[in-house]
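Q: Data file upload-v8.cif (mmCIF, C-alpha atoms) is appended below.
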data_entry
loop_
_atom_site.label_atom_id
_atom_site.label_comp_id
_atom_site.auth_asym_id
_atom_site.auth_seq_id
_atom_site.Cartn_x
_atom_site.Cartn_y
_atom_site.Cartn_z
CA MET A 159 32.54 6.64 -30.77
CA THR A 160 30.52 9.44 -29.28
CA PHE A 161 28.47 9.49 -26.10
CA ARG A 162 25.11 11.15 -26.37
CA PRO A 163 23.55 12.74 -23.29
CA GLU A 164 21.07 10.37 -21.64
CA HIS A 165 17.42 11.25 -22.24
CA GLU A 166 15.43 12.16 -19.14
CA ILE A 167 13.06 9.27 -19.75
CA TYR A 168 15.85 6.80 -18.98
CA LYS A 169 16.60 8.52 -15.69
CA ARG A 170 12.95 8.31 -14.65
CA ARG A 171 12.78 4.68 -15.69
CA LEU A 172 15.95 3.90 -13.73
CA SER A 173 14.61 5.62 -10.61
CA ARG A 174 11.40 3.59 -10.91
CA ASN A 175 13.23 0.29 -11.36
CA VAL A 176 15.63 0.96 -8.49
CA GLY A 177 12.74 2.09 -6.26
CA VAL A 178 10.67 -1.01 -6.99
CA GLY A 179 13.72 -3.23 -6.45
CA VAL A 180 14.55 -1.66 -3.09
CA ALA A 181 10.88 -1.85 -2.01
CA LEU A 182 10.68 -5.54 -2.90
CA LEU A 183 13.93 -6.33 -1.10
CA ALA A 184 12.73 -4.42 1.96
CA PHE A 185 9.46 -6.38 1.86
CA VAL A 186 11.29 -9.72 1.72
CA PHE A 187 13.60 -8.69 4.58
CA LEU A 188 10.68 -7.47 6.70
CA SER A 189 8.75 -10.71 6.08
CA PHE A 190 11.82 -12.67 7.19
CA LEU A 191 12.22 -10.60 10.38
CA LEU A 192 8.51 -10.89 11.14
CA THR A 193 8.63 -14.66 10.73
CA VAL A 194 11.63 -14.93 13.04
CA GLU A 195 9.93 -12.76 15.63
CA LYS A 196 6.65 -14.68 15.41
CA VAL A 197 8.45 -17.97 15.91
CA THR A 198 10.51 -16.72 18.86
CA HIS A 199 7.82 -14.68 20.63
CA GLY A 200 4.96 -16.82 21.81
CA ASP A 201 2.06 -18.26 19.92
CA PRO A 202 1.60 -16.64 16.51
CA MET A 203 -1.97 -18.00 16.31
CA HIS A 204 -3.06 -15.27 18.71
CA ALA A 205 -2.67 -12.87 15.84
CA ILE A 206 -4.71 -15.03 13.51
CA GLU A 207 -7.44 -15.47 16.12
CA GLY A 208 -7.65 -11.74 16.78
CA LYS A 209 -6.89 -12.11 20.47
CA GLY A 210 -4.03 -9.61 20.55
CA ALA A 211 -0.49 -10.21 21.69
CA VAL A 212 -1.08 -11.83 25.06
CA ASN A 213 0.14 -15.00 26.68
CA PRO A 214 -2.37 -17.76 27.48
CA ASP A 215 -2.63 -16.45 31.05
CA GLY A 216 -3.70 -13.03 29.77
CA THR A 217 -0.46 -11.16 30.40
CA PRO A 218 1.03 -9.19 27.51
CA ILE A 219 3.90 -10.73 25.60
CA VAL A 220 7.14 -8.99 26.55
CA PRO A 221 9.70 -8.69 23.74
CA GLY A 222 12.68 -10.89 24.48
CA ALA A 223 11.00 -12.80 27.30
CA ALA A 224 10.33 -16.52 27.13
CA PRO A 225 6.76 -17.26 26.05
CA VAL A 226 4.36 -18.30 28.83
CA THR A 227 2.70 -21.65 28.15
CA GLU A 228 -0.38 -23.30 29.70
CA SER A 229 1.83 -25.55 31.85
CA ASN A 230 3.84 -22.64 33.38
CA MET B 209 23.33 4.32 -45.48
CA SER B 210 22.44 1.88 -42.70
CA ASP B 211 20.11 2.68 -39.83
CA THR B 212 22.27 3.01 -36.72
CA ARG B 213 19.36 3.40 -34.29
CA THR B 214 19.33 0.87 -31.46
CA PHE B 215 16.23 -0.82 -30.09
CA GLY B 216 16.37 1.55 -27.09
CA ASP B 217 16.36 4.57 -29.42
CA ALA B 218 13.30 3.21 -31.20
CA VAL B 219 11.43 2.67 -27.92
CA LEU B 220 12.39 6.16 -26.76
CA ALA B 221 11.27 7.72 -30.03
CA GLU B 222 7.94 5.91 -29.83
CA THR B 223 7.46 6.85 -26.18
CA VAL B 224 8.11 10.52 -26.89
CA ALA B 225 6.07 10.48 -30.11
CA THR B 226 2.98 8.89 -28.56
CA GLY B 227 3.23 11.04 -25.46
CA ALA B 228 3.11 7.91 -23.30
CA ALA B 229 3.87 8.51 -19.65
CA GLU B 230 7.18 7.38 -18.22
CA PRO B 231 6.75 7.90 -14.52
CA GLY B 232 9.60 7.95 -12.04
CA PHE B 233 9.45 6.31 -8.62
CA SER B 234 8.61 9.63 -6.97
CA ASP B 235 5.44 9.86 -9.09
CA PHE B 236 4.18 6.63 -7.54
CA VAL B 237 5.11 7.90 -4.09
CA GLN B 238 3.08 11.05 -4.79
CA LEU B 239 0.15 8.85 -5.74
CA LEU B 240 0.08 7.57 -2.15
CA LYS B 241 -0.46 11.10 -0.76
CA PRO B 242 2.64 11.15 1.50
CA ARG B 243 1.44 14.14 3.53
CA VAL B 244 -1.79 12.36 4.44
CA MET B 245 0.26 9.24 5.17
CA SER B 246 2.41 11.16 7.65
CA LEU B 247 -0.73 12.16 9.58
CA VAL B 248 -1.96 8.55 9.46
CA ILE B 249 1.39 7.27 10.73
CA PHE B 250 1.40 9.76 13.58
CA THR B 251 -2.18 9.13 14.76
CA ALA B 252 -1.90 5.34 14.34
CA LEU B 253 1.39 5.37 16.25
CA VAL B 254 -0.24 7.25 19.13
CA GLY B 255 -3.10 4.71 19.11
CA MET B 256 -0.53 1.91 19.34
CA ILE B 257 1.60 3.52 22.04
CA ALA B 258 -1.39 4.52 24.16
CA ALA B 259 -2.76 0.96 24.13
CA PRO B 260 -2.35 -1.06 27.34
CA THR B 261 -0.73 -4.06 25.61
CA HIS B 262 2.10 -4.04 23.14
CA LEU B 263 3.48 -6.20 20.36
CA PRO B 264 7.15 -7.04 19.72
CA PRO B 265 9.08 -4.40 17.75
CA VAL B 266 9.05 -5.92 14.25
CA ALA B 267 5.33 -6.69 14.44
CA SER B 268 4.68 -3.12 15.65
CA PHE B 269 6.80 -1.67 12.84
CA THR B 270 5.05 -3.89 10.29
CA ALA B 271 1.68 -2.79 11.63
CA ILE B 272 2.44 0.93 11.35
CA LEU B 273 4.01 0.47 7.90
CA PHE B 274 1.02 -1.35 6.46
CA ILE B 275 -1.55 0.92 8.09
CA ALA B 276 0.28 3.76 6.32
CA LEU B 277 0.47 1.84 3.03
CA GLY B 278 -3.23 0.98 3.30
CA ALA B 279 -3.95 4.69 3.66
CA GLY B 280 -1.65 5.35 0.70
CA ALA B 281 -3.45 2.73 -1.37
CA SER B 282 -6.79 4.38 -0.72
CA GLY B 283 -5.17 7.69 -1.72
CA ALA B 284 -4.08 6.15 -5.04
CA LEU B 285 -7.58 4.78 -5.65
CA ASN B 286 -9.04 8.18 -4.78
CA MET B 287 -6.73 9.85 -7.33
CA TRP B 288 -7.72 7.26 -9.94
CA TRP B 289 -11.43 7.89 -9.41
CA ASP B 290 -11.19 11.67 -9.00
CA ALA B 291 -8.76 12.37 -11.87
CA ASP B 292 -11.42 14.44 -13.69
CA ILE B 293 -12.02 16.66 -10.65
CA ASP B 294 -8.31 16.92 -9.86
CA ALA B 295 -7.59 18.20 -13.37
CA VAL B 296 -9.99 21.13 -12.86
CA MET B 297 -8.87 22.16 -9.39
CA LYS B 298 -5.75 24.33 -9.03
CA ARG B 299 -4.74 22.62 -5.78
CA THR B 300 -4.68 19.16 -7.40
CA ALA B 301 -3.97 19.80 -11.10
CA ARG B 302 -0.31 18.85 -10.73
CA ARG B 303 -1.04 15.41 -9.28
CA PRO B 304 0.50 12.55 -11.31
CA ILE B 305 -2.66 11.48 -13.20
CA PRO B 306 -4.02 14.88 -14.31
CA ALA B 307 -0.45 15.95 -15.13
CA GLY B 308 -0.17 12.91 -17.43
CA ARG B 309 2.80 11.33 -15.67
CA ILE B 310 0.86 8.23 -14.60
CA GLN B 311 -1.90 6.44 -16.47
CA PRO B 312 -5.19 5.92 -14.54
CA GLY B 313 -4.89 2.15 -14.94
CA GLU B 314 -1.48 2.17 -13.26
CA ALA B 315 -2.92 4.03 -10.28
CA LEU B 316 -5.81 1.57 -10.08
CA GLY B 317 -3.42 -1.39 -10.19
CA LEU B 318 -1.15 0.07 -7.54
CA GLY B 319 -4.09 1.00 -5.31
CA VAL B 320 -5.79 -2.41 -5.47
CA SER B 321 -2.61 -4.44 -5.03
CA LEU B 322 -1.35 -2.28 -2.14
CA SER B 323 -4.78 -2.43 -0.46
CA VAL B 324 -4.85 -6.23 -0.55
CA ALA B 325 -1.20 -6.53 0.51
CA SER B 326 -1.55 -4.08 3.39
CA VAL B 327 -4.66 -5.78 4.82
CA ILE B 328 -3.09 -9.27 4.60
CA MET B 329 0.22 -8.09 6.09
CA LEU B 330 -1.53 -6.29 8.95
CA TRP B 331 -3.52 -9.46 9.64
CA LEU B 332 -0.38 -11.60 9.68
CA ALA B 333 1.57 -9.12 11.83
CA THR B 334 -1.22 -8.35 14.31
CA ASN B 335 -4.80 -9.62 14.23
CA LEU B 336 -8.00 -9.91 12.24
CA VAL B 337 -9.76 -7.01 14.02
CA ALA B 338 -7.09 -4.50 12.96
CA ALA B 339 -6.95 -5.92 9.42
CA GLY B 340 -10.74 -5.82 9.15
CA LEU B 341 -10.80 -2.20 10.29
CA LEU B 342 -8.12 -1.30 7.73
CA ALA B 343 -10.07 -3.05 4.95
CA PHE B 344 -13.24 -1.21 5.99
CA THR B 345 -11.37 2.12 6.08
CA ILE B 346 -10.11 1.64 2.51
CA PHE B 347 -13.60 0.60 1.37
CA PHE B 348 -15.17 3.56 3.16
CA TYR B 349 -12.76 6.12 1.73
CA VAL B 350 -12.82 4.82 -1.84
CA VAL B 351 -16.38 3.55 -2.31
CA ILE B 352 -18.51 5.40 0.25
CA TYR B 353 -16.67 8.75 0.17
CA SER B 354 -14.89 9.09 -3.20
CA MET B 355 -17.39 7.25 -5.42
CA GLY B 356 -20.52 8.09 -3.47
CA LEU B 357 -20.75 11.02 -1.10
CA LYS B 358 -18.15 13.40 -2.49
CA ARG B 359 -20.13 14.31 -5.60
CA LEU B 360 -23.59 13.89 -4.07
CA THR B 361 -23.94 15.74 -0.81
CA PRO B 362 -22.52 18.79 0.98
CA GLN B 363 -22.20 16.51 4.01
CA ASN B 364 -19.40 14.70 2.09
CA ILE B 365 -16.71 15.97 4.43
CA VAL B 366 -18.67 15.20 7.59
CA ILE B 367 -19.32 11.54 6.77
CA GLY B 368 -16.16 11.03 4.71
CA GLY B 369 -14.12 12.31 7.64
CA ALA B 370 -14.66 8.92 9.26
CA ALA B 371 -12.11 7.41 6.89
CA GLY B 372 -9.37 9.66 8.23
CA ALA B 373 -10.47 9.00 11.80
CA PHE B 374 -9.86 5.25 11.76
CA PRO B 375 -6.01 5.06 11.97
CA PRO B 376 -5.65 5.51 15.77
CA MET B 377 -8.44 2.96 16.26
CA ILE B 378 -6.63 0.52 13.94
CA GLY B 379 -3.39 1.15 15.85
CA TRP B 380 -5.17 0.42 19.13
CA ALA B 381 -6.81 -2.71 17.69
CA ALA B 382 -3.44 -3.89 16.34
CA MET B 383 -2.07 -3.86 19.88
CA THR B 384 -5.05 -5.14 21.84
CA GLY B 385 -7.12 -7.12 19.33
CA SER B 386 -10.23 -5.14 20.28
CA VAL B 387 -11.81 -1.69 20.24
CA SER B 388 -12.39 0.26 23.46
CA VAL B 389 -13.88 3.56 24.64
CA GLU B 390 -10.47 5.19 24.29
CA ALA B 391 -10.16 4.04 20.68
CA CYS B 392 -13.68 5.27 19.92
CA LEU B 393 -12.91 8.69 21.44
CA MET B 394 -9.71 9.03 19.41
CA PHE B 395 -11.82 8.21 16.35
CA ALA B 396 -14.42 10.79 17.41
CA LEU B 397 -11.74 13.44 17.94
CA ILE B 398 -10.56 13.27 14.31
CA PHE B 399 -14.11 12.76 13.02
CA MET B 400 -15.33 15.99 14.66
CA TRP B 401 -12.15 17.88 13.75
CA THR B 402 -12.38 17.13 10.02
CA PRO B 403 -15.39 19.31 9.03
CA PRO B 404 -14.16 22.64 10.47
CA HIS B 405 -10.68 21.89 9.13
CA PHE B 406 -11.87 21.31 5.55
CA TRP B 407 -14.53 24.01 5.57
CA ALA B 408 -11.89 26.57 6.58
CA LEU B 409 -9.91 25.39 3.53
CA ALA B 410 -13.01 25.54 1.32
CA LEU B 411 -13.59 29.17 2.32
CA PHE B 412 -10.33 30.36 0.78
CA MET B 413 -10.13 27.77 -2.04
CA LYS B 414 -13.45 29.15 -3.17
CA GLU B 415 -13.20 28.75 -6.94
CA ASP B 416 -11.71 25.26 -6.92
CA TYR B 417 -14.67 23.26 -5.60
CA HIS B 418 -17.15 25.39 -7.54
CA ASN B 419 -15.32 24.84 -10.84
CA ALA B 420 -15.05 21.12 -10.21
CA GLY B 421 -18.75 20.85 -9.36
CA VAL B 422 -18.05 19.31 -5.96
CA PRO B 423 -21.02 20.11 -3.69
CA MET B 424 -19.00 21.54 -0.84
CA LEU B 425 -20.99 23.41 1.78
CA THR B 426 -19.58 26.70 0.47
CA VAL B 427 -21.10 25.93 -2.95
CA THR B 428 -24.50 24.54 -1.90
CA HIS B 429 -25.32 26.52 1.24
CA GLY B 430 -23.21 29.62 0.82
CA ARG B 431 -20.30 31.00 2.75
CA LYS B 432 -22.26 32.51 5.63
CA SER B 433 -23.77 29.12 6.40
CA THR B 434 -20.31 27.51 6.16
CA ARG B 435 -18.98 29.96 8.72
CA ARG B 436 -21.83 29.00 11.09
CA HIS B 437 -21.17 25.29 10.51
CA ILE B 438 -17.48 25.74 11.38
CA LEU B 439 -18.38 27.22 14.77
CA VAL B 440 -21.06 24.59 15.52
CA TYR B 441 -18.74 21.67 14.74
CA THR B 442 -15.90 23.25 16.73
CA VAL B 443 -18.23 23.60 19.73
CA LEU B 444 -19.22 19.93 19.34
CA LEU B 445 -15.54 18.97 19.08
CA VAL B 446 -14.66 20.43 22.51
CA PRO B 447 -16.45 17.89 24.79
CA VAL B 448 -15.15 15.00 22.69
CA ALA B 449 -11.60 16.33 22.95
CA LEU B 450 -11.79 16.98 26.69
CA SER B 451 -13.48 13.69 27.57
CA LEU B 452 -10.43 11.78 26.29
CA GLY B 453 -8.51 13.38 29.15
CA PHE B 454 -10.58 11.46 31.73
CA THR B 455 -10.00 8.02 30.21
CA SER B 456 -7.08 5.68 30.91
CA ILE B 457 -4.97 7.30 28.17
CA GLY B 458 -5.52 10.89 29.33
CA GLY B 459 -4.10 12.84 32.22
CA PRO B 460 -3.16 16.34 33.39
CA VAL B 461 -0.75 17.00 30.50
CA TYR B 462 -3.38 16.09 27.93
CA LEU B 463 -6.08 18.10 29.71
CA GLY B 464 -3.83 21.16 29.89
CA VAL B 465 -2.90 20.98 26.21
CA ALA B 466 -6.49 20.19 25.20
CA THR B 467 -7.84 23.18 27.12
CA VAL B 468 -5.43 25.61 25.45
CA LEU B 469 -5.85 24.18 21.94
CA ASN B 470 -9.64 23.97 22.14
CA LEU B 471 -9.88 27.54 23.36
CA GLY B 472 -7.68 28.58 20.43
CA PHE B 473 -9.79 26.63 17.93
CA LEU B 474 -13.04 28.04 19.38
CA LEU B 475 -11.65 31.57 19.18
CA GLY B 476 -10.64 31.02 15.55
CA ALA B 477 -14.07 29.62 14.66
CA TRP B 478 -15.73 32.60 16.38
CA ARG B 479 -13.55 35.03 14.41
CA ILE B 480 -14.47 33.26 11.16
CA LEU B 481 -18.18 33.57 12.02
CA ARG B 482 -17.90 37.29 12.67
CA ARG B 483 -16.41 38.00 9.26
CA ASP B 484 -18.17 38.40 5.95
CA GLU B 485 -16.92 38.02 2.42
CA VAL B 486 -16.03 41.70 2.05
CA MET B 487 -13.74 41.56 5.09
CA ALA B 488 -12.28 38.21 3.97
CA GLU B 489 -11.58 39.46 0.44
CA ALA B 490 -9.99 42.62 1.84
CA ASP B 491 -7.28 40.74 3.73
CA LYS B 492 -7.15 37.76 1.34
CA TYR B 493 -8.74 35.32 3.79
CA ARG B 494 -6.03 35.84 6.39
CA VAL B 495 -8.14 34.61 9.32
CA GLU B 496 -9.52 31.60 7.44
CA LYS B 497 -5.98 30.59 6.41
CA LYS B 498 -4.75 31.03 9.97
CA VAL B 499 -7.54 28.87 11.36
CA PHE B 500 -6.83 26.20 8.75
CA GLY B 501 -3.15 26.21 9.76
CA PHE B 502 -4.10 26.19 13.44
CA SER B 503 -6.38 23.19 12.89
CA LEU B 504 -3.36 21.18 11.70
CA LEU B 505 -1.40 22.26 14.75
CA TYR B 506 -4.43 21.38 16.88
CA LEU B 507 -4.51 17.75 15.73
CA PHE B 508 -0.75 17.30 16.09
CA GLY B 509 -0.91 18.94 19.52
CA MET B 510 -3.78 16.78 20.77
CA PHE B 511 -2.21 13.53 19.63
CA GLY B 512 1.20 14.75 20.76
CA ALA B 513 -0.28 15.23 24.25
CA LEU B 514 -1.67 11.67 24.15
CA PHE B 515 1.79 10.49 23.14
CA ALA B 516 3.32 12.38 26.08
CA GLU B 517 0.76 10.84 28.44
CA ALA B 518 1.62 7.36 27.16
CA VAL B 519 5.32 8.02 27.82
CA LEU B 520 4.53 9.37 31.31
CA HIS B 521 2.33 6.35 32.07
CA GLY B 522 5.19 4.12 30.93
CA LEU B 523 7.47 5.92 33.40
CA GLY B 524 5.04 5.23 36.20
CA TYR B 525 3.07 8.46 36.35
CA GLY B 526 -0.57 7.38 36.47
CA ALA B 527 -3.65 8.83 34.87
CA LEU B 528 -6.05 11.12 36.70
#
I'd like the structure from this file rewritten - as structure tokens, please.
A:
Amino acid sequence: MTFRPEHEIYKRRLSRNVGVGVALLAFVFLSFLLTVEKVTHGDPMHAIEGKGAVNPDGTPIVPGAAPVTESN
Amino acid sequence: MSDTRTFGDAVLAETVATGAAEPGFSDFVQLLKPRVMSLVIFTALVGMIAAPTHLPPVASFTAILFIALGAGASGALNMWWDADIDAVMKRTARRPIPAGRIQPGEALGLGVSLSVASVIMLWLATNLVAAGLLAFTIFFYVVIYSMGLKRLTPQNIVIGGAAGAFPPMIGWAAMTGSVSVEACLMFALIFMWTPPHFWALALFMKEDYHNAGVPMLTVTHGRKSTRRHILVYTVLLVPVALSLGFTSIGGPVYLGVATVLNLGFLLGAWRILRRDEVMAEADKYRVEKKVFGFSLLYLFGMFGALFAEAVLHGLGYGAL
């Protein structure tokens, strides 16, 4: 059995497939992290409503700090 | 004798025989204009850091990533539309589509899908204002500039420059959910910088635009007029650049850097005006090339100074 040298086309195809795979995995991971952050940092609807990342009292949301609610 | 060719061999033989493209991942990256993306990332990042409110880290990272990918998507759509021009121009002939490595339809598919994905992801990560601005930027660059103005008017660069000026405004909007004077001035800074930057390039890439039939100012109004336009737009750029220093995101560091860089840019524009084609040909457009290079340094310097001011403000050193 003999091994023939791999044609360059296969290398390019491999690089494309690996690249797309890594990009998709990165996208899934980023979406997961974003979801976790949205859930743990205040009201995510601010983003949807276009109000910016502020607490209900108008102060900016501080990463890691407990979200400020209307009753605080 | 039996045929020992595998299915893979047959596909390979057909691919090679038909001359079909088999692009690698790097070809698709090239389609997104990575050098333009790096400028977009930098200016959008400064817009985000200079803003008075901030998002959590993952949301901020997502915002900058998808602003960059949105810019990349518009780059891919631009390459799809302009493939005929790119094939004629020396500067762009080796791009993936004119070089035959990527089919136009693939570029169109990548551009449209990345545009939609980047706008939706920016919306989810930040807010509707930023996402709307990104969507408008892509529309402006692809439809207004690439499909419309670029082949119609010598003012293509002036109006089309708006597309490249949006990223810091989008970055600001991503953080604050609104657009302010500061964001508008950052937009204006890039908007006014674009014409002299590209016209300096057009002066020494003289055959390219002419051969491609793109109505650049050098082609329609001549090179003497282009030299005058470079100086006029540089003069108009100075007050815009300096006024940013007196807003909430400016300060003494920015004003110092802005003064030096604007003087340098004005001097370069003045030297370009004083030359004619004989002088330029004699030294192979040395001054024009230097001014083009300086204009890149200028933009990085100005936004770098805004970045420094944002860091200083964060450390408690106030604005003017």
Q: CA of Trp289 in chain B and CA of Cys392 in chain B, how far apart in Å?
A: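 Distance between the two atoms: 29.5 Å.
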Q: From the set A:Arg174, A:Phe185, A:Tyr168, A:Lys196, which residue has the shortest atom-to-atom contact distance to chain B, counting all atoms listed in the file?
A: A:Arg174
Q: So which residues touch Phe233 in chain B within 7 Å, counting only C-alpha atoms, skipping near sequence neighbours fewer than 4 positions away, as a VMD selection string?
A: (chain A and resid 173 to 174 177) or (chain B and resid 237)
Q: Can you spit out the residues from that selection as a short mmCIF file (atom, residue, chain, number, x, y, z; two decimals), keeping the file's coordinate frame, using C-alpha atoms?
A:
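The resulting file, out-v8.cif, is shown below:
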data_model
loop_
_atom_site.label_atom_id
_atom_site.label_comp_id
_atom_site.auth_asym_id
_atom_site.auth_seq_id
_atom_site.Cartn_x
_atom_site.Cartn_y
_atom_site.Cartn_z
CA SER A 173 14.61 5.62 -10.61
CA ARG A 174 11.40 3.59 -10.91
CA GLY A 177 12.74 2.09 -6.26
CA VAL B 237 5.11 7.90 -4.09
#
Q: Please, what distance in Å, to one decimal, runs between CA of Gly356 in chain B and CA of Met329 in chain B?
A: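 Atom-to-atom, CA of Gly356 in chain B to CA of Met329 in chain B, that is 28.0 Å.
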Q: Would you write out, as JSON lines, a table of all residues in chain B that have an atom no more than 10 Å from an atom of chain A, listing for each the closest atom pair and the distance in Å to one decimal, considering only C-alpha atoms and ordering rows by chain and rising residue number?
A:
{"residue": "B:Gly216", "atom": "CA", "partner": "A:Tyr168", "partner_atom": "CA", "distance": 9.7}
{"residue": "B:Asp217", "atom": "CA", "partner": "A:His165", "partner_atom": "CA", "distance": 9.9}
{"residue": "B:Leu220", "atom": "CA", "partner": "A:Ile167", "partner_atom": "CA", "distance": 7.7}
{"residue": "B:Thr223", "atom": "CA", "partner": "A:Ile167", "partner_atom": "CA", "distance": 8.9}
{"residue": "B:Val224", "atom": "CA", "partner": "A:Ile167", "partner_atom": "CA", "distance": 8.8}
{"residue": "B:Ala229", "atom": "CA", "partner": "A:Ile167", "partner_atom": "CA", "distance": 9.2}
{"residue": "B:Glu230", "atom": "CA", "partner": "A:Ile167", "partner_atom": "CA", "distance": 6.4}
{"residue": "B:Pro231", "atom": "CA", "partner": "A:Arg170", "partner_atom": "CA", "distance": 6.2}
{"residue": "B:Gly232", "atom": "CA", "partner": "A:Arg170", "partner_atom": "CA", "distance": 4.3}
{"residue": "B:Phe233", "atom": "CA", "partner": "A:Arg174", "partner_atom": "CA", "distance": 4.1}
{"residue": "B:Ser234", "atom": "CA", "partner": "A:Arg174", "partner_atom": "CA", "distance": 7.7}
{"residue": "B:Asp235", "atom": "CA", "partner": "A:Arg174", "partner_atom": "CA", "distance": 8.8}
{"residue": "B:Phe236", "atom": "CA", "partner": "A:Arg174", "partner_atom": "CA", "distance": 8.5}
{"residue": "B:Val237", "atom": "CA", "partner": "A:Gly177", "partner_atom": "CA", "distance": 9.8}
{"residue": "B:Pro260", "atom": "CA", "partner": "A:Pro218", "partner_atom": "CA", "distance": 8.8}
{"residue": "B:Thr261", "atom": "CA", "partner": "A:Pro218", "partner_atom": "CA", "distance": 5.7}
{"residue": "B:His262", "atom": "CA", "partner": "A:Pro218", "partner_atom": "CA", "distance": 6.8}
{"residue": "B:Leu263", "atom": "CA", "partner": "A:Ala211", "partner_atom": "CA", "distance": 5.8}
{"residue": "B:Pro264", "atom": "CA", "partner": "A:Pro221", "partner_atom": "CA", "distance": 5.0}
{"residue": "B:Pro265", "atom": "CA", "partner": "A:Pro221", "partner_atom": "CA", "distance": 7.4}
{"residue": "B:Val266", "atom": "CA", "partner": "A:Leu192", "partner_atom": "CA", "distance": 5.9}
{"residue": "B:Ala267", "atom": "CA", "partner": "A:Leu192", "partner_atom": "CA", "distance": 6.2}
{"residue": "B:Ser268", "atom": "CA", "partner": "A:Leu192", "partner_atom": "CA", "distance": 9.8}
{"residue": "B:Phe269", "atom": "CA", "partner": "A:Leu188", "partner_atom": "CA", "distance": 9.3}
{"residue": "B:Thr270", "atom": "CA", "partner": "A:Leu188", "partner_atom": "CA", "distance": 7.6}
{"residue": "B:Met329", "atom": "CA", "partner": "A:Ser189", "partner_atom": "CA", "distance": 8.9}
{"residue": "B:Leu330", "atom": "CA", "partner": "A:Ala205", "partner_atom": "CA", "distance": 9.6}
{"residue": "B:Trp331", "atom": "CA", "partner": "A:Ile206", "partner_atom": "CA", "distance": 6.9}
{"residue": "B:Leu332", "atom": "CA", "partner": "A:Ala205", "partner_atom": "CA", "distance": 6.7}
{"residue": "B:Ala333", "atom": "CA", "partner": "A:Ala205", "partner_atom": "CA", "distance": 6.9}
{"residue": "B:Thr334", "atom": "CA", "partner": "A:Ala205", "partner_atom": "CA", "distance": 5.0}
{"residue": "B:Asn335", "atom": "CA", "partner": "A:Ala205", "partner_atom": "CA", "distance": 4.2}
{"residue": "B:Leu336", "atom": "CA", "partner": "A:Gly208", "partner_atom": "CA", "distance": 4.9}
{"residue": "B:Val337", "atom": "CA", "partner": "A:Gly208", "partner_atom": "CA", "distance": 5.9}
{"residue": "B:Ala338", "atom": "CA", "partner": "A:Gly208", "partner_atom": "CA", "distance": 8.2}
{"residue": "B:Ala339", "atom": "CA", "partner": "A:Gly208", "partner_atom": "CA", "distance": 9.4}
{"residue": "B:Ala381", "atom": "CA", "partner": "A:Gly210", "partner_atom": "CA", "distance": 8.0}
{"residue": "B:Ala382", "atom": "CA", "partner": "A:Gly210", "partner_atom": "CA", "distance": 7.1}
{"residue": "B:Met383", "atom": "CA", "partner": "A:Gly210", "partner_atom": "CA", "distance": 6.1}
{"residue": "B:Thr384", "atom": "CA", "partner": "A:Gly210", "partner_atom": "CA", "distance": 4.8}
{"residue": "B:Gly385", "atom": "CA", "partner": "A:Gly210", "partner_atom": "CA", "distance": 4.2}
{"residue": "B:Ser386", "atom": "CA", "partner": "A:Gly210", "partner_atom": "CA", "distance": 7.6}
Q: What does the distance from CA of Leu445 in chain B to CA of Gly421 in chain B come to in Å, to one decimal?
A: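 Between CA of Leu445 in chain B and CA of Gly421 in chain B the gap is 28.7 Å.
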Q: Write out as number ranges by chain each polymer residue whose atoms come within 12 Å of Tyr417 in chain B, counting all atoms listed in the file; drop sequence neighbours fewer than 3 positions from it.
A: B: 293-300, 358-359, 362, 406-407, 409-414, 420-428
Q: Counting only C-alpha atoms, which residue out of B:Ala259, B:Val248, B:Ala281, B:Leu318 sits closest to Ala373 in chain B?
A: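 Looking at the shortest contact to Ala373 in chain B, the residue is B:Val248.
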Q: Applying 9 Å and all atoms listed in the file, which residues near Gly368 in chain B remain after dropping the ones on its own chain fewer than 6 positions away? List them as a PyMOL selection string.
A: chain B and resi 348-349+352-354+357-358+399+402
Q: Any idea what's packed within 12 Å of Val519 in chain B, counting only C-alpha atoms, ignoring anything in its chain fewer than 4 positions away? Could you give it as a short mmCIF file (atom, residue, chain, number, x, y, z; two decimals) with C-alpha atoms, in the frame of the given file?
A:
data_model
loop_
_atom_site.label_atom_id
_atom_site.label_comp_id
_atom_site.auth_asym_id
_atom_site.auth_seq_id
_atom_site.Cartn_x
_atom_site.Cartn_y
_atom_site.Cartn_z
CA VAL B 254 -0.24 7.25 19.13
CA MET B 256 -0.53 1.91 19.34
CA ILE B 257 1.60 3.52 22.04
CA ALA B 258 -1.39 4.52 24.16
CA ALA B 259 -2.76 0.96 24.13
CA PRO B 260 -2.35 -1.06 27.34
CA ILE B 457 -4.97 7.30 28.17
CA GLY B 458 -5.52 10.89 29.33
CA GLY B 459 -4.10 12.84 32.22
CA VAL B 461 -0.75 17.00 30.50
CA TYR B 462 -3.38 16.09 27.93
CA GLY B 512 1.20 14.75 20.76
CA ALA B 513 -0.28 15.23 24.25
CA LEU B 514 -1.67 11.67 24.15
CA PHE B 515 1.79 10.49 23.14
CA LEU B 523 7.47 5.92 33.40
CA GLY B 524 5.04 5.23 36.20
CA TYR B 525 3.07 8.46 36.35
CA GLY B 526 -0.57 7.38 36.47
CA ALA B 527 -3.65 8.83 34.87
#
Q: Give the answer as one residue: which of B:Val468, B:Val448, B:Ala477, B:Ala371 has the shortest atom-to-atom distance to Arg435 in chain B, using only C-alpha atoms?
A: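 Distance minimum relative to Arg435 in chain B lands on B:Ala477.
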Q: Tell me which residues come within 12 Å of (-18.4, 38.5, 8.7), as a ChimeraX atom specification, counting all atoms listed in the file in the file's coordinates.
A: /B:431-436,477-490,493,495-496
